[in-house]
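model32.pdb, holding PDB, C-alpha atoms:
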```
ATOM      1  CA  MET N  82      63.622  83.534 159.660  1.00  0.00           C
ATOM      2  CA  THR N  83      66.914  85.272 159.231  1.00  0.00           C
ATOM      3  CA  ARG N  84      68.081  82.589 156.849  1.00  0.00           C
ATOM      4  CA  LYS N  85      64.963  82.964 154.723  1.00  0.00           C
ATOM      5  CA  ASN N  86      65.493  86.740 154.542  1.00  0.00           C
ATOM      6  CA  THR N  87      69.129  86.279 153.641  1.00  0.00           C
ATOM      7  CA  TRP N  88      68.315  83.835 150.857  1.00  0.00           C
ATOM      8  CA  ALA N  89      65.472  86.000 149.632  1.00  0.00           C
ATOM      9  CA  GLY N  90      67.715  89.073 149.589  1.00  0.00           C
ATOM     10  CA  LEU N  91      70.388  87.193 147.736  1.00  0.00           C
ATOM     11  CA  ALA N  92      67.867  85.905 145.196  1.00  0.00           C
ATOM     12  CA  VAL N  93      66.539  89.443 144.634  1.00  0.00           C
ATOM     13  CA  ALA N  94      70.076  90.809 144.216  1.00  0.00           C
ATOM     14  CA  VAL N  95      70.972  88.108 141.710  1.00  0.00           C
ATOM     15  CA  GLY N  96      67.692  88.628 139.856  1.00  0.00           C
ATOM     16  CA  LEU N  97      68.244  92.386 139.577  1.00  0.00           C
ATOM     17  CA  SER N  98      71.883  92.102 138.561  1.00  0.00           C
ATOM     18  CA  MET N  99      71.183  89.796 135.598  1.00  0.00           C
ATOM     19  CA  PRO N 100      69.708  92.488 133.312  1.00  0.00           C
ATOM     20  CA  LEU N 101      72.573  94.833 134.209  1.00  0.00           C
ATOM     21  CA  MET N 102      75.145  92.195 133.267  1.00  0.00           C
ATOM     22  CA  ALA N 103      73.304  91.515 130.025  1.00  0.00           C
ATOM     23  CA  CYS N 104      73.285  95.235 129.261  1.00  0.00           C
ATOM     24  CA  LYS N 105      77.026  95.478 129.892  1.00  0.00           C
ATOM     25  CA  ASP N 106      77.619  92.430 127.702  1.00  0.00           C
ATOM     26  CA  THR N 107      75.578  93.974 124.883  1.00  0.00           C
ATOM     27  CA  LYS N 108      77.513  97.230 125.104  1.00  0.00           C
ATOM     28  CA  THR N 109      80.788  95.334 125.193  1.00  0.00           C
ATOM     29  CA  LEU N 110      79.792  93.308 122.143  1.00  0.00           C
ATOM     30  CA  GLU N 111      78.832  96.459 120.242  1.00  0.00           C
ATOM     31  CA  GLU N 112      82.091  98.125 121.198  1.00  0.00           C
ATOM     32  CA  ASN N 113      84.062  95.041 120.144  1.00  0.00           C
ATOM     33  CA  ALA N 114      82.288  95.000 116.765  1.00  0.00           C
ATOM     34  CA  GLN N 115      83.109  98.688 116.236  1.00  0.00           C
ATOM     35  CA  LEU N 116      86.733  98.121 117.195  1.00  0.00           C
ATOM     36  CA  LYS N 117      87.036  95.126 114.870  1.00  0.00           C
ATOM     37  CA  ALA N 118      85.651  97.202 111.989  1.00  0.00           C
ATOM     38  CA  HIS N 119      88.088 100.001 112.805  1.00  0.00           C
ATOM     39  CA  VAL N 120      91.036  97.574 112.935  1.00  0.00           C
ATOM     40  CA  ALA N 121      90.029  96.111 109.561  1.00  0.00           C
ATOM     41  CA  GLU N 122      89.850  99.620 108.095  1.00  0.00           C
ATOM     42  CA  LEU N 123      93.283 100.486 109.497  1.00  0.00           C
ATOM     43  CA  GLN N 124      94.788  97.269 108.118  1.00  0.00           C
ATOM     44  CA  LYS N 125      93.389  98.063 104.673  1.00  0.00           C
ATOM     45  CA  GLU N 126      94.773 101.602 104.859  1.00  0.00           C
ATOM     46  CA  ASN N 127      98.138 100.242 106.020  1.00  0.00           C
ATOM     47  CA  GLY N 128      98.269  97.932 103.000  1.00  0.00           C
ATOM     48  CA  GLN N 129      97.512 100.812 100.651  1.00  0.00           C
ATOM     49  CA  LEU N 130     100.187 102.971 102.253  1.00  0.00           C
ATOM     50  CA  GLY N 131     102.675 100.121 101.946  1.00  0.00           C
ATOM     51  CA  ASN N 132     101.949  99.881  98.214  1.00  0.00           C
ATOM     52  CA  GLU N 133     102.342 103.643  97.815  1.00  0.00           C
ATOM     53  CA  LEU N 134     105.629 103.508  99.709  1.00  0.00           C
ATOM     54  CA  GLU N 135     106.964 100.822  97.358  1.00  0.00           C
ATOM     55  CA  THR N 136     105.932 102.899  94.327  1.00  0.00           C
ATOM     56  CA  ILE N 137     107.528 106.061  95.681  1.00  0.00           C
ATOM     57  CA  THR N 138     110.709 104.204  96.643  1.00  0.00           C
ATOM     58  CA  ALA N 139     110.999 102.743  93.134  1.00  0.00           C
ATOM     59  CA  ALA N 140     110.496 106.202  91.613  1.00  0.00           C
ATOM     60  CA  ARG N 141     113.149 107.665  93.927  1.00  0.00           C
ATOM     61  CA  ASP N 142     115.607 104.930  92.968  1.00  0.00           C
ATOM     62  CA  ALA N 143     114.986 105.563  89.264  1.00  0.00           C
ATOM     63  CA  LEU N 144     115.554 109.301  89.748  1.00  0.00           C
ATOM     64  CA  THR N 145     118.753 108.632  91.685  1.00  0.00           C
ATOM     65  CA  LYS N 146     120.091 106.486  88.834  1.00  0.00           C
ATOM     66  CA  GLU N 147     119.135 109.118  86.294  1.00  0.00           C
ATOM     67  CA  ASN N 148     120.782 111.826  88.393  1.00  0.00           C
ATOM     68  CA  GLU N 149     124.013 109.824  88.633  1.00  0.00           C
ATOM     69  CA  ALA N 150     123.996 109.233  84.871  1.00  0.00           C
ATOM     70  CA  LEU N 151     123.549 112.963  84.248  1.00  0.00           C
ATOM     71  CA  LYS N 152     126.361 113.807  86.661  1.00  0.00           C
ATOM     72  CA  THR N 153     128.649 111.366  84.869  1.00  0.00           C
ATOM     73  CA  GLN N 154     127.648 112.862  81.540  1.00  0.00           C
ATOM     74  CA  MET N 155     128.434 116.371  82.817  1.00  0.00           C
ATOM     75  CA  LYS N 156     131.860 115.245  84.047  1.00  0.00           C
ATOM     76  CA  THR N 157     132.727 113.686  80.683  1.00  0.00           C
ATOM     77  CA  ARG N 158     131.728 116.873  78.874  1.00  0.00           C
ATOM     78  CA  LYS N 159     133.905 118.982  81.156  1.00  0.00           C
ATOM     79  CA  THR N 160     136.929 116.726  80.722  1.00  0.00           C
ATOM     80  CA  LYS N 161     136.614 116.647  76.918  1.00  0.00           C
ATOM     81  CA  ARG N 162     137.237 120.388  76.702  1.00  0.00           C
ATOM     82  CA  SER N 163     140.823 121.374  76.498  1.00  0.00           C
ATOM     83  CA  GLY N 164     142.200 123.589  79.165  1.00  0.00           C
ATOM     84  CA  LYS N 165     143.673 125.989  76.616  1.00  0.00           C
ATOM     85  CA  LYS N 166     141.876 129.084  75.517  1.00  0.00           C
ATOM     86  CA  PRO N 167     141.692 129.765  71.825  1.00  0.00           C
ATOM     87  CA  ALA N 168     144.329 132.181  70.605  1.00  0.00           C
ATOM     88  CA  THR N 169     143.034 135.690  70.222  1.00  0.00           C
ATOM     89  CA  ARG N 170     144.392 138.122  67.762  1.00  0.00           C
ATOM     90  CA  ALA N 171     146.332 140.896  69.306  1.00  0.00           C
ATOM     91  CA  ARG N 172     145.216 144.304  68.177  1.00  0.00           C
ATOM     92  CA  PRO N 173     147.876 146.780  67.466  1.00  0.00           C
ATOM     93  CA  ARG N 174     147.886 149.808  69.720  1.00  0.00           C
ATOM     94  CA  ARG N 175     147.264 153.149  68.233  1.00  0.00           C
TER      95      ARG N 175
END
```

Please express the file's structure as structure tokens.
Amino acid sequence: MTRKNTWAGLAVAVGLSMPLMACKDTKTLEENAQLKAHVAELQKENGQLGNELETITAARDALTKENEALKTQMKTRKTKRSGKKPATRARPRR
């Protein structure tokens, strides 16, 4: 009789635990689907940010080249001037 009760108890426990496991599996599947969607969204955003970074880097490089060209141009203008001041007329003192 004890064996019958043990098997019956075990059968009841297994029978009651099945819906709980199915519920947990359903929740896990839903959570996994949400996480997959979130990962896909983050990957898309990462790709867009990578493209923006490339664009900004190219613009920065172009500005750096332009800045260097302007600096060189300023240096050549400064060196073309002679170091002598133009002669000024001396006014006679009164």

Around all the atoms of stretch 104-114 of chain N listed in the file, draw an axis-aligned box and extend it by 6 Å on each of the six sides; I want its centre and edge lengths in Å to one decimal, as AutoDock Vina command-line options.
```
--center_x 78.7 --center_y 95.3 --center_z 123.3 --size_x 22.8 --size_y 17.7 --size_z 25.1
```

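If you look at atom CA of N:Ala89 and atom CA of N:Lys108, they are 29.5 Å away from each other.
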
One decimal place gives the atom CA of N:Glu111-atom CA of N:Gln129 separation as 27.4 Å

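Coordinates place atom CA of N:Thr109 at a distance of 20.7 Å from atom CA of N:Leu123.
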